[in-house]
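Below is one structure, written out as structure tokens; comments come after it.
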Amino acid sequence: MSAVFSRTFGAGPRRVLAVHCSLAHSGAWRGLGDILKDEVTLRGFDMLSHGRSPDWDGRGDFQTRNVEAGLALLDSEASAVDLIGHSFGATVALRMAQARPDKIRSLVLIEPVLFAVTRLEAPELQAALEEEEAPFNDLLRAGEVEQATRLFNRMWGTGKPKWADMPEQARASMVRGMKAVPMSFEALYLDDKGLLKPGALDPVAMPVLLLSGGASQPVMSLINEGLARRMPRANTRVVPEAGHMLPITHAGVTAKILDQFWGGKE
């Protein structure tokens with residue numbers, strides 16, 4: 001597999017590795033990286049089929065291939081790093097922490113979309129979300145990828161700018177990433193990687209913070225709580241005014257929370 005593209009923000013002493021959400025790229029971390037530029041050196045990588053990384057070739061499992069790409073970057077670090085993941089990228093980061101806890105000093109999961117948690121623990125709420133997602137899935141099955149991307153972005157994105165006002169290149173980039181999104185249904189909804197099995201997350205014993213937005217989908221805080229119960233040193237926090245894209249829309253608030261979390265964790 002070709003190496004994924006990565007970029008770095010800041011030049012501070014704390015080494016941070018970050019995994020972006022679906023349909024985005026490593027540049028999504030620019031706002032957070034600029035705020036923390038004197039404290040951290042933040043390295044973000046483009047997942048396969050996103051940004052400047054190569055397309056996923058369809059081999060293996062999409063989530064696993066991105067986990068492997070992230071682990072290769074971890075192995076290139078001289079010492080342990082602080083790991084951050086957002087949305088689908090948070091599920092990648094969680095599996096990275098499970099696989100290589102020795103290389104991760106702390107873990108921050110922002111709105112991890114592991115819907116298997118709420119399928120198990122809040123089935124009625126999860127069913128309501130899946131009903132809301134049904135038009136998006138119908139469009140995908142019909143091959144209407146661009147329209148599906150538009151709906152997905154409306155549901156999970158920042159809402160700005162509107163789809164029609166986005167540059168054509170930005171829309172095309174999101175459509176490219178969307179083609180890989182349904183390939184992770186088994187991992188996200190059915191837990192085919194077994195993350196929720198008893199003891200599966202015991203290795204994730206570093207300090208963990210799970211963030212959610214108070215204006216996001218109602219299942220998100222419940223997913224965080226369910227995951228926190230399965231890890232030895234995990235805590236949850238809600239940013240009341242934020243939605244799903246909180247590390248982008250509320251980069252300043254997120255930076256303050258990270259400072260608090262990282263304080264004393266050396």
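Convention: chains lettered A, B, ... in structure tokens order; per-chain residue numbering from 1; ligands numbered from 1 as shown.
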Within 12 Å of stretch 225-230 of chain A, counting only C-alpha atoms, which residues qualify if same-chain residues fewer than 2 places away don't, as number ranges by chain? A: 90-91, 94, 98, 107-122, 195-205, 207-212, 219-223, 232-238
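Distance-wise, atom CA of A:Trp29 and atom CA of A:Lys256 end up 14.8 Å apart.
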Quick one: residues within 8 Å of A:Ala255, only C-alpha atoms, excluding same-chain residues fewer than 6 positions away - as a ChimeraX atom specification? /A:32,35-36
Output the selection as a PDB file, in the first residue's frame - N, CA, C and O atoms for each residue.
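What ended up in selection-v3.pdb:
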ATOM      1  N   LEU A  32      -7.284  24.051  14.941  1.00  0.00           N
ATOM      2  CA  LEU A  32      -6.817  23.587  16.247  1.00  0.00           C
ATOM      3  C   LEU A  32      -5.294  23.679  16.331  1.00  0.00           C
ATOM      4  O   LEU A  32      -4.747  24.123  17.348  1.00  0.00           O
ATOM      5  N   ILE A  35      -4.052  27.290  16.854  1.00  0.00           N
ATOM      6  CA  ILE A  35      -4.258  27.777  18.222  1.00  0.00           C
ATOM      7  C   ILE A  35      -3.204  27.208  19.166  1.00  0.00           C
ATOM      8  O   ILE A  35      -2.700  27.898  20.058  1.00  0.00           O
ATOM      9  N   LEU A  36      -2.853  25.942  18.962  1.00  0.00           N
ATOM     10  CA  LEU A  36      -1.921  25.247  19.856  1.00  0.00           C
ATOM     11  C   LEU A  36      -0.492  25.213  19.313  1.00  0.00           C
ATOM     12  O   LEU A  36       0.324  24.419  19.788  1.00  0.00           O
TER      13      LEU A  36
END
With only C-alpha atoms as the basis for distance, which of A:Lys193, A:Glu133, A:Leu23, A:Gly10 is at the shortest distance from A:Asn153?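 The answer is A:Leu23, which sits nearest to A:Asn153.
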With the cut-off set at 7 Å and counting only C-alpha atoms, tabulate each residue of stretch 99-155 of chain A with an atom at most that distance from an atom of stretch 175-178 of chain A, showing the nearest atom pair and its distance in Å to one decimal, ordered by chain and increasing number, as JSON lines.
{"residue": "A:Val145", "atom": "CA", "partner": "A:Val175", "partner_atom": "CA", "distance": 6.6}
{"residue": "A:Glu146", "atom": "CA", "partner": "A:Val175", "partner_atom": "CA", "distance": 5.8}
{"residue": "A:Thr149", "atom": "CA", "partner": "A:Val175", "partner_atom": "CA", "distance": 6.0}
Can you pull out every residue within 12 Å of A:Gly44, counting only C-alpha atoms, but drop anything in the same chain fewer than 6 positions away, and send it as a VMD selection string? chain A and resid 4 to 10 15 to 21 24 to 30 32 to 33 51 to 53 69 to 70 73 to 74 82 to 86 89 93
As a ChimeraX atom specification, which residues of stretch 16-150 of chain A does DSSP assign to strand (DSSP E)? /A:16-19,40-45,81-86,104-110
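Proximity of A:Ile257, A:Val67, A:Met155, A:Leu188 to A:Ser216, computed with only C-alpha atoms, is greatest for A:Met155.
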Report the distance between atom CA of A:Phe185 and atom CA of A:Gly213 in Å, rounded to one decimal place.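 Separation of atom CA of A:Phe185 and atom CA of A:Gly213: 22.8 Å.
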